[in-house]
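Q: Structure in structure tokens, see below.
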Amino acid sequence: MIYYSTRDTDRKNPQTFANAVLQGLASDGGLFLPEKLPTLPNSFFEHIERISNEDIALQIAVAFIGDEIPLDVLKQIVVETINFDLPLFPVKENMFSLELYHGPTMAFKDVGARFMARVMAYFVKQHLKQEVKVVVATSGDTGSAVAAGFFGMEGIKVYILYPKGKVSPLQEKQLNTWGGNIIALEVEGSFDDCQALAKQLLNDEELKHTAYLSSANSINIARLVPQSFYYAIAYKQLKQYQKPIVFCVPSGNFGNLAAGFMLKLMGMPVERFIAATNANDVFPKFLSEGVYASAPSKVTLSNAMDVGAPSNFERLWQLCDQDVAVFRKYMQSISVSDATTTNTLKTVYETKNYLLDPHGAVGYYALDQYLNEHPDVIGAFLETAHPAKFVEVVEHILQEKINIPAKLMAFAAKEKVAFQVPVDAEAVKRVLQEK
Ligand SMILES: *Cc1c(COP(=O)(O)O)cnc(C)c1O
């Protein structure tokens with residue numbers, strides 16, 4: 001499979017999947033996409049109910065990766081990627097919650113991180129003679145999923161930059177209690193400082209001489225490919241109702257949505273995607289007005305979606321032939337306020353006895369609106385994190401204590417191993433060189 005950067009319009013710089021993964025971001029600043037979307041066998045969606053979840057995932061992975069990873073190795077990677085439940089929970093008539101939070105750090109990002117870590121470890125061993133240093137800036141979910149995914153991977157060290165005092169206590173423990181090849185850097189600054197530092201480090205010529213540098217943000221194609229697995233697995237179960245199907249995706253950087261959308265373009269018989277955003281409404285505005293204008297991010301209750309310049313827009317733009325009419329054919333989008341998110345979380349808990357997290361609540365509301373107007377349709381929203389990951393927000397809304405799963409509590413008991421660093425690229429660089 002040949003990959004190109006979204007900015008390489010003349011297609012001058014073809015890359016293997018391995019190179020696309022190891023580089024993360026293309027050198028021209030674009031994001032990698034396959035030359036053309038791969039095809040799945042005709043019978044794939046037609047007879048999907050006869051295919052096991054592992055084989056569904058494997059067939060999709062092979063379509064994107066070809067023979068760059070031997071089949072037996074890829075099969076093992078895929079099995080380890082989805083070795084937890086991905087249930088569809090019926091919340092009410094015609095509406096399901098696709099619970100993507102049963103992995104090690106209880107957010108959907110586990111799926112992408114587990115796959116990327118294993119794929120990268122394979123390529124490092126095959127193609128590189130050097131150690132890889134993965135640098136990631138985080139305010140929560142990404143860093144914990146990446147840490148859990150890469151922990152113990154040979155030939156790779158991960159440096160997690162997070163803002164001191166700005167990550168919730170339980171999230172923080174998921175970042176800084178690993179040790180081993182996971183190096184937590186507690187930055188005396190903001191999340192934006194962390195991101196700026198990560199960028200500086202990744203571009204540092206001196207560092208590049210001593211190690212191969214890579215990033216683990218949602219721009220990496222190795223996070224996108226596995227995120228399409230669970231759409232197909234959900235489709236397999238929804239198909240039996242013989243109704244038009246929609247997926248509703250609570251979105252920030254639009255990596256989750258882009259993954260499902262690729263599968264739709266590859267033949268998955270889904271009617272529509274609903275992109276649910278919080279007050280960061282660049283995408284719904286783009287769909288209604290036809291003009292894409294990024295904006296500074298706003299702080300909301302669903303903070304993993306507080307993105308003012310969605311990085312995967314560039315991929316969607318290519319996938320939709322750079323034409324807003326194509327977007328409108330396949331997608332709808334709505335911005336949901338914090339007040340509505342609060343109200344939805346509370347009401348669904350009280351009337352349906354189902355506890356949403358703030359991101360899932362955004363998705364629930366957007367899907368509910370759509371289903372009210374389309375009673376013949378059946379839909380699933382992606383529940384992207386366990387409510388206990390956002391315990392402070394959820395308990396404040398409900399005015400009661402919620403249960404914290406043992407999996408999360410286990411982190412709370414572990415000892416912190418982090419290095420304090422100032423907002424100073426030279427100082428952080430020394431840590432990267434020494435640790
Ligand atoms: C990252 C994240 C999102 C947004 O996903 P994108 O792929 O960036 O659109 C939504 N919900 C949760 C809980 C997340 O961690």
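Within each chain, counting starts at residue 1; across the structure tokens, chains are named A, B, ... in the order shown, with ligands numbered 1 upward in that order.
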Could you give me, as a Markdown table, a per-residue list for range 321-342 of chain A showing, wherever an atom lies at most 12 Å from an atom of range 296-307 of chain A, the closest pair of atoms and their distance in Å to one decimal, using only C-alpha atoms and sorting by chain then residue number from low to high?

A:
```
| residue | atom | partner | partner_atom | distance |
| --- | --- | --- | --- | --- |
| A:Ser335 | CA | A:Met305 | CA | 11.3 |
| A:Val336 | CA | A:Ser302 | CA | 10.2 |
| A:Ser337 | CA | A:Thr300 | CA | 8.4 |
| A:Asp338 | CA | A:Leu301 | CA | 6.2 |
| A:Ala339 | CA | A:Leu301 | CA | 9.4 |
| A:Thr340 | CA | A:Leu301 | CA | 10.7 |
| A:Thr341 | CA | A:Leu301 | CA | 8.0 |
| A:Thr342 | CA | A:Leu301 | CA | 8.5 |
```

Q: For ligand 1, list the contacting residues at 9 Å or closer, counting only C-alpha atoms and all ligand atoms, as number ranges by chain.

A: A: 101, 106-109, 140-142, 218, 224, 249-259, 275, 277, 302-307, 310-312, 357-360, 382-386, 389-390

Q: Find the spatial neighbours of Met268 in chain A, counting only C-alpha atoms, within a cut-off of 12 Å - ignore same-chain residues fewer than 6 positions away - and output them as a ChimeraX atom specification.

A: /A:39-48,60,228-229,231-236,238-239,244-247,259-262

Q: Can you list, as a list of chain:residue names, every protein, DNA or RNA residue that comes within 8 Å of Lys133 in chain A when you count only C-alpha atoms, leaving out same-chain residues fewer than 5 positions away?

A: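 Residues near the query, excluding close chain neighbours: A:Ile156, A:Lys157, A:Val158, A:Tyr159, A:Ala211, A:Tyr212, A:Leu213, A:Ser214.
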
Q: So that I can check the surroundings of range 413-430 of chain A, please list as number ranges by chain every protein, DNA and RNA residue that reaches within 6 Å of it, counting only C-alpha atoms and ignoring chain neighbours fewer than 6 positions away.

A: A: 176-177, 184-188, 197

Q: Could you tell me which of A:Gln322, A:Asn13, A:Gln433, A:Gln23 comes closest to Phe123 in chain A if we count only C-alpha atoms?

A: A:Gln23
